[in-house]
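Data block for final_3.pdb (PDB, C-alpha atoms (C1' of nucleotides) and all ligand atoms):
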ATOM      1  CA  MET A   1     113.607 111.764  10.479
ATOM      2  CA  HIS A   2     110.586 113.356   8.947
ATOM      3  CA  THR A   3     110.783 116.781   7.311
ATOM      4  CA  LEU A   4     107.676 118.838   7.707
ATOM      5  CA  SER A   5     106.031 120.346   4.656
ATOM      6  CA  LYS A   6     105.315 124.052   4.460
ATOM      7  CA  ASN A   7     101.805 123.898   5.904
ATOM      8  CA  GLN A   8     102.754 121.289   8.467
ATOM      9  CA  ARG A   9     105.618 123.517   9.653
ATOM     10  CA  ILE A  10     103.429 126.604   9.953
ATOM     11  CA  ILE A  11     100.778 124.766  11.865
ATOM     12  CA  PHE A  12     103.158 122.870  14.094
ATOM     13  CA  ASP A  13     104.968 126.076  15.020
ATOM     14  CA  ILE A  14     101.835 127.853  16.122
ATOM     15  CA  ILE A  15     100.702 124.918  18.234
ATOM     16  CA  ASP A  16     104.166 124.502  19.696
ATOM     17  CA  LYS A  17     104.294 128.155  20.739
ATOM     18  CA  SER A  18     100.869 128.091  22.313
ATOM     19  CA  PRO A  19     100.770 127.719  26.102
ATOM     20  CA  GLU A  20      97.466 125.899  25.791
ATOM     21  CA  PRO A  21      95.847 123.362  23.464
ATOM     22  CA  MET A  22      94.615 124.956  20.263
ATOM     23  CA  LYS A  23      91.415 124.250  18.399
ATOM     24  CA  ALA A  24      91.404 123.804  14.655
ATOM     25  CA  TYR A  25      89.509 126.958  13.810
ATOM     26  CA  SER A  26      91.598 129.009  16.181
ATOM     27  CA  ILE A  27      94.660 127.705  14.360
ATOM     28  CA  LEU A  28      93.027 128.585  11.055
ATOM     29  CA  PHE A  29      92.350 132.129  12.196
ATOM     30  CA  ASN A  30      95.952 132.510  13.303
ATOM     31  CA  VAL A  31      97.546 131.236  10.106
ATOM     32  CA  GLN A  32      95.413 133.098   7.604
ATOM     33  CA  LYS A  33      98.043 135.797   7.333
ATOM     34  CA  LYS A  34     100.434 133.065   6.196
ATOM     35  CA  GLY A  35      98.195 132.093   3.306
ATOM     36  CA  ILE A  36      96.366 129.145   4.780
ATOM     37  CA  LYS A  37      92.764 129.922   4.051
ATOM     38  CA  ALA A  38      90.670 126.775   4.366
ATOM     39  CA  PRO A  39      89.781 124.408   7.221
ATOM     40  CA  LEU A  40      90.886 121.445   5.161
ATOM     41  CA  GLN A  41      94.414 122.754   4.907
ATOM     42  CA  VAL A  42      94.530 122.874   8.677
ATOM     43  CA  TYR A  43      92.936 119.492   9.225
ATOM     44  CA  ARG A  44      95.258 117.796   6.752
ATOM     45  CA  ALA A  45      98.307 119.162   8.509
ATOM     46  CA  LEU A  46      96.858 118.232  11.891
ATOM     47  CA  ASP A  47      96.198 114.670  10.741
ATOM     48  CA  LYS A  48      99.769 114.261   9.583
ATOM     49  CA  LEU A  49     101.269 115.855  12.686
ATOM     50  CA  VAL A  50      99.219 113.558  14.903
ATOM     51  CA  GLU A  51     100.246 110.559  12.810
ATOM     52  CA  ILE A  52     103.959 111.270  13.225
ATOM     53  CA  GLY A  53     103.594 112.109  16.916
ATOM     54  CA  LYS A  54     104.570 115.788  16.783
ATOM     55  CA  ILE A  55     101.232 116.772  18.251
ATOM     56  CA  HIS A  56      98.458 115.018  20.122
ATOM     57  CA  LYS A  57      94.728 115.528  20.097
ATOM     58  CA  ILE A  58      93.045 116.123  23.440
ATOM     59  CA  GLU A  59      89.885 114.222  22.635
ATOM     60  CA  SER A  60      87.725 115.615  25.390
ATOM     61  CA  ARG A  61      88.485 119.148  24.214
ATOM     62  CA  ASN A  62      88.793 118.775  20.450
ATOM     63  CA  ALA A  63      92.105 120.540  20.733
ATOM     64  CA  PHE A  64      95.719 119.932  19.825
ATOM     65  CA  ILE A  65      98.903 120.196  21.842
ATOM     66  CA  ALA A  66     102.541 119.799  20.844
ATOM     67  CA  CYS A  67     104.185 116.659  22.142
ATOM     68  CA  GLN A  68     106.062 117.504  25.303
ATOM     69  CA  ASN A  69     108.200 114.366  25.358
ATOM     70  CA  SER A  70     111.004 115.553  23.029
ATOM     71  CA  SER A  71     109.967 113.993  19.739
ATOM     72  CA  CYS A  72     107.670 111.505  21.316
ATOM     73  CA  GLN A  73     107.956 107.959  20.071
ATOM     74  CA  VAL A  74     104.848 107.223  22.016
ATOM     75  CA  SER A  75     102.150 108.882  20.002
ATOM     76  CA  LYS A  76     100.406 105.578  20.554
ATOM     77  CA  ALA A  77     100.580 105.801  24.302
ATOM     78  CA  THR A  78      99.427 109.167  25.509
ATOM     79  CA  ALA A  79      98.375 110.509  28.881
ATOM     80  CA  PHE A  80      97.335 113.997  29.882
ATOM     81  CA  SER A  81      96.306 115.928  32.940
ATOM     82  CA  ILE A  82      93.576 118.487  32.429
ATOM     83  CA  CYS A  83      92.563 121.186  34.876
ATOM     84  CA  GLU A  84      88.812 121.540  34.778
ATOM     85  CA  SER A  85      89.003 125.085  36.046
ATOM     86  CA  CYS A  86      91.692 126.811  33.946
ATOM     87  CA  GLU A  87      91.858 124.162  31.209
ATOM     88  CA  LYS A  88      95.617 123.824  31.531
ATOM     89  CA  VAL A  89      96.749 120.592  29.892
ATOM     90  CA  THR A  90     100.015 118.795  30.545
ATOM     91  CA  GLU A  91     101.356 115.682  28.917
ATOM     92  CA  ILE A  92     102.226 113.083  31.516
ATOM     93  CA  ASN A  93     105.581 111.390  31.140
ATOM     94  CA  ASN A  94     105.679 108.632  33.700
ATOM     95  CA  SER A  95     107.369 105.346  32.932
ATOM     96  CA  SER A  96     105.516 103.409  35.610
ATOM     97  CA  LEU A  97     102.212 104.495  34.147
ATOM     98  CA  SER A  98     103.192 103.832  30.550
ATOM     99  CA  LYS A  99     104.583 100.408  31.438
ATOM    100  CA  TYR A 100     101.464  99.501  33.342
ATOM    101  CA  LEU A 101      99.176 100.536  30.523
ATOM    102  CA  SER A 102     101.272  99.163  27.685
ATOM    103  CA  ASN A 103     101.275  95.766  29.342
ATOM    104  CA  PHE A 104      97.646  95.819  30.331
ATOM    105  CA  LYS A 105      95.610  92.907  29.050
ATOM    106  CA  ASP A 106      91.897  92.607  29.590
ATOM    107  CA  LYS A 107      90.006  89.445  30.384
ATOM    108  CA  ALA A 108      89.096  88.866  26.755
ATOM    109  CA  GLY A 109      92.788  88.553  25.994
ATOM    110  CA  MET A 110      92.697  91.505  23.708
ATOM    111  CA  LYS A 111      96.113  93.066  23.305
ATOM    112  CA  TYR A 112      96.143  96.770  22.680
ATOM    113  CA  SER A 113      98.323  98.657  20.279
ATOM    114  CA  LYS A 114      97.426 102.106  21.477
ATOM    115  CA  TYR A 115      95.846 104.014  24.318
ATOM    116  CA  ASN A 116      94.862 107.494  25.334
ATOM    117  CA  LEU A 117      94.304 108.533  28.927
ATOM    118  CA  GLU A 118      92.927 111.823  30.180
ATOM    119  CA  PHE A 119      92.963 112.735  33.865
ATOM    120  CA  PHE A 120      90.766 115.543  35.144
ATOM    121  CA  GLY A 121      91.105 117.574  38.289
ATOM    122  CA  LEU A 122      92.342 120.897  39.564
ATOM    123  CA  CYS A 123      95.861 122.131  39.041
ATOM    124  CA  LYS A 124      97.885 123.593  41.915
ATOM    125  CA  LYS A 125      96.991 127.157  41.048
ATOM    126  CA  CYS A 126      93.308 126.418  40.897
ATOM    127  CA  ILE A 127      93.152 124.368  44.090
ATOM    128  CA  THR A 128      94.311 127.300  46.191
ATOM    129  CA  LYS A 129      91.649 129.633  44.826
TER
ATOM    130  CA  MET B 130      67.901 106.472  43.190
ATOM    131  CA  HIS B 131      67.342 108.751  40.273
ATOM    132  CA  THR B 132      64.131 108.517  38.246
ATOM    133  CA  LEU B 133      64.603 109.256  34.600
ATOM    134  CA  SER B 134      62.398 111.823  32.922
ATOM    135  CA  LYS B 135      60.407 110.948  29.820
ATOM    136  CA  ASN B 136      63.045 112.008  27.298
ATOM    137  CA  GLN B 137      65.876 110.623  29.382
ATOM    138  CA  ARG B 138      64.109 107.255  29.545
ATOM    139  CA  ILE B 139      63.472 107.121  25.802
ATOM    140  CA  ILE B 140      67.038 108.003  24.976
ATOM    141  CA  PHE B 141      68.585 105.746  27.584
ATOM    142  CA  ASP B 142      66.524 102.796  26.384
ATOM    143  CA  ILE B 143      67.622 103.146  22.789
ATOM    144  CA  ILE B 144      71.295 103.422  23.753
ATOM    145  CA  ASP B 145      70.974 100.515  26.156
ATOM    146  CA  LYS B 146      69.484  98.277  23.470
ATOM    147  CA  SER B 147      72.117  99.180  20.909
ATOM    148  CA  PRO B 148      74.955  96.674  20.465
ATOM    149  CA  GLU B 149      77.289  99.508  19.573
ATOM    150  CA  PRO B 150      77.915 103.082  20.665
ATOM    151  CA  MET B 151      75.376 105.493  19.234
ATOM    152  CA  LYS B 152      75.942 108.946  17.866
ATOM    153  CA  ALA B 153      73.684 111.813  18.819
ATOM    154  CA  TYR B 154      72.115 112.316  15.420
ATOM    155  CA  SER B 155      71.568 108.614  14.974
ATOM    156  CA  ILE B 156      69.738 108.643  18.297
ATOM    157  CA  LEU B 157      67.731 111.633  17.114
ATOM    158  CA  PHE B 158      66.713 109.827  13.932
ATOM    159  CA  ASN B 159      65.628 106.804  15.937
ATOM    160  CA  VAL B 160      63.498 108.667  18.450
ATOM    161  CA  GLN B 161      61.663 110.971  16.096
ATOM    162  CA  LYS B 162      58.703 108.607  16.011
ATOM    163  CA  LYS B 163      58.494 109.092  19.781
ATOM    164  CA  GLY B 164      58.104 112.829  19.422
ATOM    165  CA  ILE B 165      61.656 113.958  20.036
ATOM    166  CA  LYS B 166      62.341 116.281  17.156
ATOM    167  CA  ALA B 167      65.312 118.474  17.922
ATOM    168  CA  PRO B 168      69.037 117.871  18.544
ATOM    169  CA  LEU B 169      68.874 119.842  21.749
ATOM    170  CA  GLN B 170      66.348 117.463  23.256
ATOM    171  CA  VAL B 171      68.781 114.650  22.620
ATOM    172  CA  TYR B 172      71.850 116.486  23.870
ATOM    173  CA  ARG B 173      70.119 117.545  27.058
ATOM    174  CA  ALA B 174      69.144 113.996  27.864
ATOM    175  CA  LEU B 175      72.638 112.775  26.979
ATOM    176  CA  ASP B 176      74.240 115.352  29.265
ATOM    177  CA  LYS B 177      72.101 114.262  32.186
ATOM    178  CA  LEU B 178      72.592 110.544  31.536
ATOM    179  CA  VAL B 179      76.360 111.045  31.409
ATOM    180  CA  GLU B 180      76.224 113.094  34.609
ATOM    181  CA  ILE B 181      74.432 110.372  36.543
ATOM    182  CA  GLY B 182      76.597 107.603  35.078
ATOM    183  CA  LYS B 183      73.917 105.719  33.137
ATOM    184  CA  ILE B 184      75.842 106.232  29.919
ATOM    185  CA  HIS B 185      79.367 107.184  28.965
ATOM    186  CA  LYS B 186      80.726 109.168  26.065
ATOM    187  CA  ILE B 187      83.389 107.541  23.932
ATOM    188  CA  GLU B 188      85.363 110.688  23.287
ATOM    189  CA  SER B 189      87.385 109.440  20.350
ATOM    190  CA  ARG B 190      84.189 108.472  18.546
ATOM    191  CA  ASN B 191      81.709 111.126  19.655
ATOM    192  CA  ALA B 192      79.394 108.322  20.587
ATOM    193  CA  PHE B 193      77.525 107.102  23.638
ATOM    194  CA  ILE B 194      77.310 103.701  25.289
ATOM    195  CA  ALA B 195      75.247 102.450  28.212
ATOM    196  CA  CYS B 196      77.216 101.776  31.361
ATOM    197  CA  GLN B 197      78.047  98.098  31.497
ATOM    198  CA  ASN B 198      78.967  98.021  35.174
ATOM    199  CA  SER B 199      75.452  97.595  36.635
ATOM    200  CA  SER B 200      74.591 101.148  37.598
ATOM    201  CA  CYS B 201      78.132 102.334  37.530
ATOM    202  CA  GLN B 202      79.210 104.419  40.491
ATOM    203  CA  VAL B 203      82.358 105.094  38.567
ATOM    204  CA  SER B 204      81.223 107.470  35.886
ATOM    205  CA  LYS B 205      84.301 109.365  36.976
ATOM    206  CA  ALA B 206      86.649 106.483  36.286
ATOM    207  CA  THR B 207      86.008 104.994  32.894
ATOM    208  CA  ALA B 208      87.980 102.683  30.635
ATOM    209  CA  PHE B 209      87.085 101.238  27.282
ATOM    210  CA  SER B 210      88.493  98.917  24.676
ATOM    211  CA  ILE B 211      87.864  99.885  21.091
ATOM    212  CA  CYS B 212      88.396  97.687  18.056
ATOM    213  CA  GLU B 213      89.793  99.808  15.258
ATOM    214  CA  SER B 214      88.482  97.435  12.656
ATOM    215  CA  CYS B 215      84.850  96.688  13.598
ATOM    216  CA  GLU B 216      84.486  99.576  16.075
ATOM    217  CA  LYS B 217      83.228  97.285  18.812
ATOM    218  CA  VAL B 218      83.498  99.048  22.160
ATOM    219  CA  THR B 219      83.542  97.364  25.556
ATOM    220  CA  GLU B 220      83.653  98.951  28.975
ATOM    221  CA  ILE B 221      86.551  97.577  30.969
ATOM    222  CA  ASN B 222      85.780  96.550  34.514
ATOM    223  CA  ASN B 223      89.090  95.707  36.125
ATOM    224  CA  SER B 224      89.739  96.536  39.753
ATOM    225  CA  SER B 225      93.516  96.439  39.429
ATOM    226  CA  LEU B 226      93.364  99.014  36.652
ATOM    227  CA  SER B 227      90.874 101.248  38.415
ATOM    228  CA  LYS B 228      92.851 101.124  41.646
ATOM    229  CA  TYR B 229      96.073 101.933  39.850
ATOM    230  CA  LEU B 230      94.565 104.895  38.039
ATOM    231  CA  SER B 231      92.516 106.225  40.929
ATOM    232  CA  ASN B 232      95.621 106.336  43.069
ATOM    233  CA  PHE B 233      97.876 107.739  40.410
ATOM    234  CA  LYS B 234      99.616 110.964  41.313
ATOM    235  CA  ASP B 235     101.817 112.877  38.922
ATOM    236  CA  LYS B 236     105.050 114.625  39.752
ATOM    237  CA  ALA B 237     103.336 117.960  40.188
ATOM    238  CA  GLY B 238     101.346 116.439  43.029
ATOM    239  CA  MET B 239      98.109 117.021  41.244
ATOM    240  CA  LYS B 240      95.381 114.700  42.521
ATOM    241  CA  TYR B 241      92.779 113.725  40.013
ATOM    242  CA  SER B 242      89.077 113.424  40.556
ATOM    243  CA  LYS B 243      88.283 111.751  37.267
ATOM    244  CA  TYR B 244      89.812 109.931  34.344
ATOM    245  CA  ASN B 245      88.910 108.435  31.017
ATOM    246  CA  LEU B 246      90.992 105.789  29.288
ATOM    247  CA  GLU B 247      90.518 104.437  25.791
ATOM    248  CA  PHE B 248      92.480 101.419  24.543
ATOM    249  CA  PHE B 249      92.679 100.705  20.818
ATOM    250  CA  GLY B 250      93.470  97.469  19.048
ATOM    251  CA  LEU B 251      91.836  94.566  17.299
ATOM    252  CA  CYS B 252      89.174  92.418  18.886
ATOM    253  CA  LYS B 253      89.353  88.629  18.744
ATOM    254  CA  LYS B 254      87.085  88.395  15.732
ATOM    255  CA  CYS B 255      89.064  90.940  13.775
ATOM    256  CA  ILE B 256      92.498  89.532  14.611
ATOM    257  CA  THR B 257      91.706  86.245  12.908
ATOM    258  CA  LYS B 258      90.611  87.883   9.673
TER
ATOM    259  C1'  DA C 259     113.184 111.158 -17.507
ATOM    260  C1'  DT C 260     109.392 108.729 -15.801
ATOM    261  C1'  DT C 261     106.630 107.281 -12.455
ATOM    262  C1'  DT C 262     104.646 107.350  -7.847
ATOM    263  C1'  DA C 263     103.410 109.280  -3.560
ATOM    264  C1'  DA C 264     102.558 113.216  -0.816
ATOM    265  C1'  DA C 265     101.001 117.699  -0.349
ATOM    266  C1'  DT C 266      98.295 121.754  -1.805
ATOM    267  C1'  DG C 267      94.285 124.862  -3.154
ATOM    268  C1'  DT C 268      89.476 125.445  -3.533
ATOM    269  C1'  DT C 269      84.439 125.090  -3.111
ATOM    270  C1'  DA C 270      80.904 122.972  -1.032
ATOM    271  C1'  DT C 271      78.769 120.369   2.506
ATOM    272  C1'  DA C 272      78.309 117.084   6.430
ATOM    273  C1'  DA C 273      78.347 116.156  11.276
ATOM    274  C1'  DT C 274      78.493 117.605  15.985
ATOM    275  C1'  DA C 275      76.976 120.778  19.501
ATOM    276  C1'  DT C 276      75.135 125.055  21.852
ATOM    277  C1'  DA C 277      72.503 129.814  22.600
ATOM    278  C1'  DA C 278      68.383 131.940  23.751
ATOM    279  C1'  DC C 279      63.778 132.163  25.151
ATOM    280  C1'  DA C 280      59.144 130.714  26.406
ATOM    281  C1'  DC C 281      56.827 127.374  28.790
ATOM    282  C1'  DT C 282      55.545 123.114  31.831
ATOM    283  C1'  DA C 283      56.051 119.711  35.339
ATOM    284  C1'  DT C 284      57.695 118.381  39.874
ATOM    285  C1'  DG C 285      59.177 118.708  44.437
ATOM    286  C1'  DT C 286      59.556 121.388  48.934
ATOM    287  C1'  DA C 287      58.211 124.237  52.508
ATOM    288  C1'  DA C 288      55.569 127.858  54.600
TER
ATOM    289  C1'  DT D 289      47.298 124.804  48.995
ATOM    290  C1'  DT D 290      49.879 128.358  47.763
ATOM    291  C1'  DA D 291      54.192 130.050  46.988
ATOM    292  C1'  DC D 292      58.704 129.200  45.549
ATOM    293  C1'  DA D 293      62.536 126.787  43.553
ATOM    294  C1'  DT D 294      64.462 123.361  40.522
ATOM    295  C1'  DA D 295      64.441 120.451  36.673
ATOM    296  C1'  DG D 296      62.722 119.296  32.320
ATOM    297  C1'  DT D 297      60.568 120.408  27.701
ATOM    298  C1'  DG D 298      59.737 122.541  22.985
ATOM    299  C1'  DT D 299      61.311 125.371  19.429
ATOM    300  C1'  DT D 300      64.054 128.178  16.234
ATOM    301  C1'  DA D 301      68.281 129.597  15.031
ATOM    302  C1'  DT D 302      73.142 129.306  14.950
ATOM    303  C1'  DA D 303      77.903 127.945  16.216
ATOM    304  C1'  DT D 304      81.555 124.661  15.959
ATOM    305  C1'  DT D 305      84.022 120.763  14.236
ATOM    306  C1'  DA D 306      85.171 117.945  10.330
ATOM    307  C1'  DT D 307      85.088 115.750   5.600
ATOM    308  C1'  DA D 308      83.947 114.967   0.320
ATOM    309  C1'  DA D 309      85.334 115.751  -4.203
ATOM    310  C1'  DC D 310      88.234 117.338  -7.687
ATOM    311  C1'  DA D 311      92.030 119.793  -9.941
ATOM    312  C1'  DT D 312      96.763 120.906  -9.522
ATOM    313  C1'  DT D 313     101.566 121.052  -7.770
ATOM    314  C1'  DT D 314     105.648 119.452  -5.437
ATOM    315  C1'  DA D 315     108.866 116.061  -3.860
ATOM    316  C1'  DA D 316     110.810 111.427  -3.837
ATOM    317  C1'  DA D 317     112.011 107.159  -5.894
ATOM    318  C1'  DT D 318     113.359 104.243  -9.843
TER
HETATM  319 ZN    ZN A 401     103.881 113.012  23.314
HETATM  320 ZN    ZN A 402      93.924 125.193  36.795
HETATM  321 ZN    ZN A 403      80.262 102.497  33.578
HETATM  322 ZN    ZN A 404      86.728  93.971  15.787
END
Please express the file's structure as structure tokens.
Amino acid sequence: MHTLSKNQRIIFDIIDKSPEPMKAYSILFNVQKKGIKAPLQVYRALDKLVEIGKIHKIESRNAFIACQNSSCQVSKATAFSICESCEKVTEINNSSLSKYLSNFKDKAGMKYSKYNLEFFGLCKKCITK
Amino acid sequence: MHTLSKNQRIIFDIIDKSPEPMKAYSILFNVQKKGIKAPLQVYRALDKLVEIGKIHKIESRNAFIACQNSSCQVSKATAFSICESCEKVTEINNSSLSKYLSNFKDKAGMKYSKYNLEFFGLCKKCITK
DNA sequence: ATTTAAATGTTATAATATAACACTATGTAA
DNA sequence: TTACATAGTGTTATATTATAACATTTAAAT
């Protein structure tokens, strides 16, 4: 089990508390009172947190979200739903989907070690508006 | 059928000829001799080309690739394989995969209008090295 | 205690992307 | 063919996202 360093802890906590994905410079702004002053301090912590699967990057949004799969072992197999109206993002935890994708082989016979999937649409709230 | 404007044509052609995904500022550098001088001219053409499905953005790489599915109607359902060693990117055209994903519904009952999937691994060339 | 790896702090800079505004070309319909 | 609407262009400035380089400190392993 990995122990987070001081900066990693600070930055993980703020992402974990956030109801929505956070962008790096928004994180920076929010942790300046805790002594983290430079973008690089944020990006280094983000890199590590992504690497160990505590957070994921939402590539289409350049934003970061805490893993919602209780200490995700699957940082290499991620899927998200994204509402294009309110920007709500949810991590999808669906074993059928992850099995299908983990076993997927293309024609070229290439076997994949990792994937990231982003679904876009409207969430329930936004559909009824 | 959509007719490309002058800038759109220039920028599509250079992406289409490229054996690898191109980044916006690399495109800019390459089209300066054709009179396109500013980032915004490139980004505007890119936005339109993405919108009409002539190119796709590889989100994890901030790069653009021409659609490889002969005038793709599926700019809203994209899948790519990415070699993490040589950075070769290929658009996946697999009807089983696209059916599975297009019909996917999550627990919350959210129906998706769009998805983007990126697989990562090693291509054949790079495996044998 | 010594060595190694990981993390930090700091300044500067690179790379990616958009805002705002004036203008031009193109298509559509009276 | 004139009026109107829509899409595209050119330009300058600026915002946003991310990394390079280097010195120092902390934590872990032998
Ligand atoms: Zn997760
Ligand atoms: Zn919503
Ligand atoms: Zn395509
Ligand atoms: Zn390769």
Hits of the PyMOL selection byres (((chain C and resi 262-274) around 7) and not hetatm) in this structure, as a PDB file with C-alpha atoms (C1' of nucleotides), in the coordinates of the input:
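expr01.pdb, written as the output of this step:
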ATOM      1  C1'  DT C 261     106.630 107.281 -12.455  1.00  0.00           C
ATOM      2  C1'  DA C 275      76.976 120.778  19.501  1.00  0.00           C
TER       3       DA C 275
ATOM      4  C1'  DT D 305      84.022 120.763  14.236  1.00  0.00           C
ATOM      5  C1'  DT D 307      85.088 115.750   5.600  1.00  0.00           C
ATOM      6  C1'  DT D 313     101.566 121.052  -7.770  1.00  0.00           C
TER       7       DT D 313
END
Chain D residues near chain B within 10 Å, closest pair each, using all atoms listed in the file, as a tab-separated table:
residue	atom	partner	partner_atom	distance
D:DA295	C1'	B:Ser134	CA	9.6
D:DG296	C1'	B:Ser134	CA	7.5
D:DT297	C1'	B:Gln170	CA	7.9
D:DG298	C1'	B:Gln170	CA	8.3
D:DT299	C1'	B:Ala167	CA	8.1
D:DT300	C1'	B:Ala167	CA	9.9
Coordinates-based distance that separates atom CA of B:Ala206 from atom CA of B:Ser147 (Å, one decimal):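 According to the coordinates, atom CA of B:Ser147 and atom CA of B:Ala206 are separated by 22.4 Å.
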Resolved residues for the PyMOL selection byres (((not hetatm)) within 7 of (chain A and resi 401)) as a CSV table (one decimal) with C-alpha atoms, in the frame of the given file:
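Saved to part_21.csv:
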chain,number,residue,atom,x,y,z
A,53,GLY,CA,103.6,112.1,16.9
A,55,ILE,CA,101.2,116.8,18.3
A,56,HIS,CA,98.5,115.0,20.1
A,67,CYS,CA,104.2,116.7,22.1
A,68,GLN,CA,106.1,117.5,25.3
A,69,ASN,CA,108.2,114.4,25.4
A,72,CYS,CA,107.7,111.5,21.3
A,74,VAL,CA,104.8,107.2,22.0
A,75,SER,CA,102.2,108.9,20.0
A,78,THR,CA,99.4,109.2,25.5
A,91,GLU,CA,101.4,115.7,28.9
Can I get the residues of chain B within 10 Å of chain C, each with the closest pair of atoms and their distance in Å to one decimal, using only C-alpha atoms (C1' of nucleotides), sorted chain first then ascending number, as CSV?
residue,atom,partner,partner_atom,distance
B:Lys152,CA,C:DT274,C1',9.2
B:Ala153,CA,C:DT274,C1',8.0
B:Tyr154,CA,C:DT274,C1',8.3
B:Pro168,CA,C:DA275,C1',8.5
B:Leu169,CA,C:DT276,C1',8.1
B:Tyr172,CA,C:DA275,C1',8.0
B:Asn191,CA,C:DT274,C1',8.1
Residue list for chain B near chain A as an mmCIF file with C-alpha atoms, in the coordinates of the input, 7 Å, all atoms listed in the file:
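The new file iface_4.cif reads:
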data_model
loop_
_atom_site.group_PDB
_atom_site.id
_atom_site.type_symbol
_atom_site.label_atom_id
_atom_site.label_comp_id
_atom_site.auth_asym_id
_atom_site.auth_seq_id
_atom_site.Cartn_x
_atom_site.Cartn_y
_atom_site.Cartn_z
ATOM 1 C CA GLU B 188 85.363 110.688 23.287
ATOM 2 C CA SER B 189 87.385 109.440 20.350
ATOM 3 C CA MET B 239 98.109 117.021 41.244
ATOM 4 C CA LYS B 240 95.381 114.700 42.521
ATOM 5 C CA TYR B 241 92.779 113.725 40.013
ATOM 6 C CA SER B 242 89.077 113.424 40.556
ATOM 7 C CA LYS B 243 88.283 111.751 37.267
ATOM 8 C CA TYR B 244 89.812 109.931 34.344
ATOM 9 C CA ASN B 245 88.910 108.435 31.017
ATOM 10 C CA LEU B 246 90.992 105.789 29.288
ATOM 11 C CA GLU B 247 90.518 104.437 25.791
ATOM 12 C CA PHE B 248 92.480 101.419 24.543
ATOM 13 C CA PHE B 249 92.679 100.705 20.818
ATOM 14 C CA GLY B 250 93.470 97.469 19.048
ATOM 15 C CA CYS B 252 89.174 92.418 18.886
ATOM 16 C CA LYS B 253 89.353 88.629 18.744
#
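The protein and nucleic acid residues lying at most 9 Å from B:Ile140 are Lys135, Asp145, Ile156, Leu157, Val160, Val171, Ala174, Leu175 and Leu178 of chain B, with all atoms listed in the file considered and sequence neighbours fewer than 5 positions away removed.
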For atom CA of B:Ser224 and atom CA of B:Pro148, quote the distance in Å rounded to one decimal.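 The value is 24.3 Å.
Relative to atom CA of B:Ile194, atom CA of A:Lys88 is found at 27.9 Å.
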Around all the atoms of stretch 263-278 of chain C listed in the file, with 6 Å of room on each side, what axis-aligned box do you get, giving centre and edge lengths in Å to one decimal, as JSON?
{"center_x": 85.9, "center_y": 120.6, "center_z": 10.1, "size_x": 47.0, "size_y": 34.7, "size_z": 39.3}
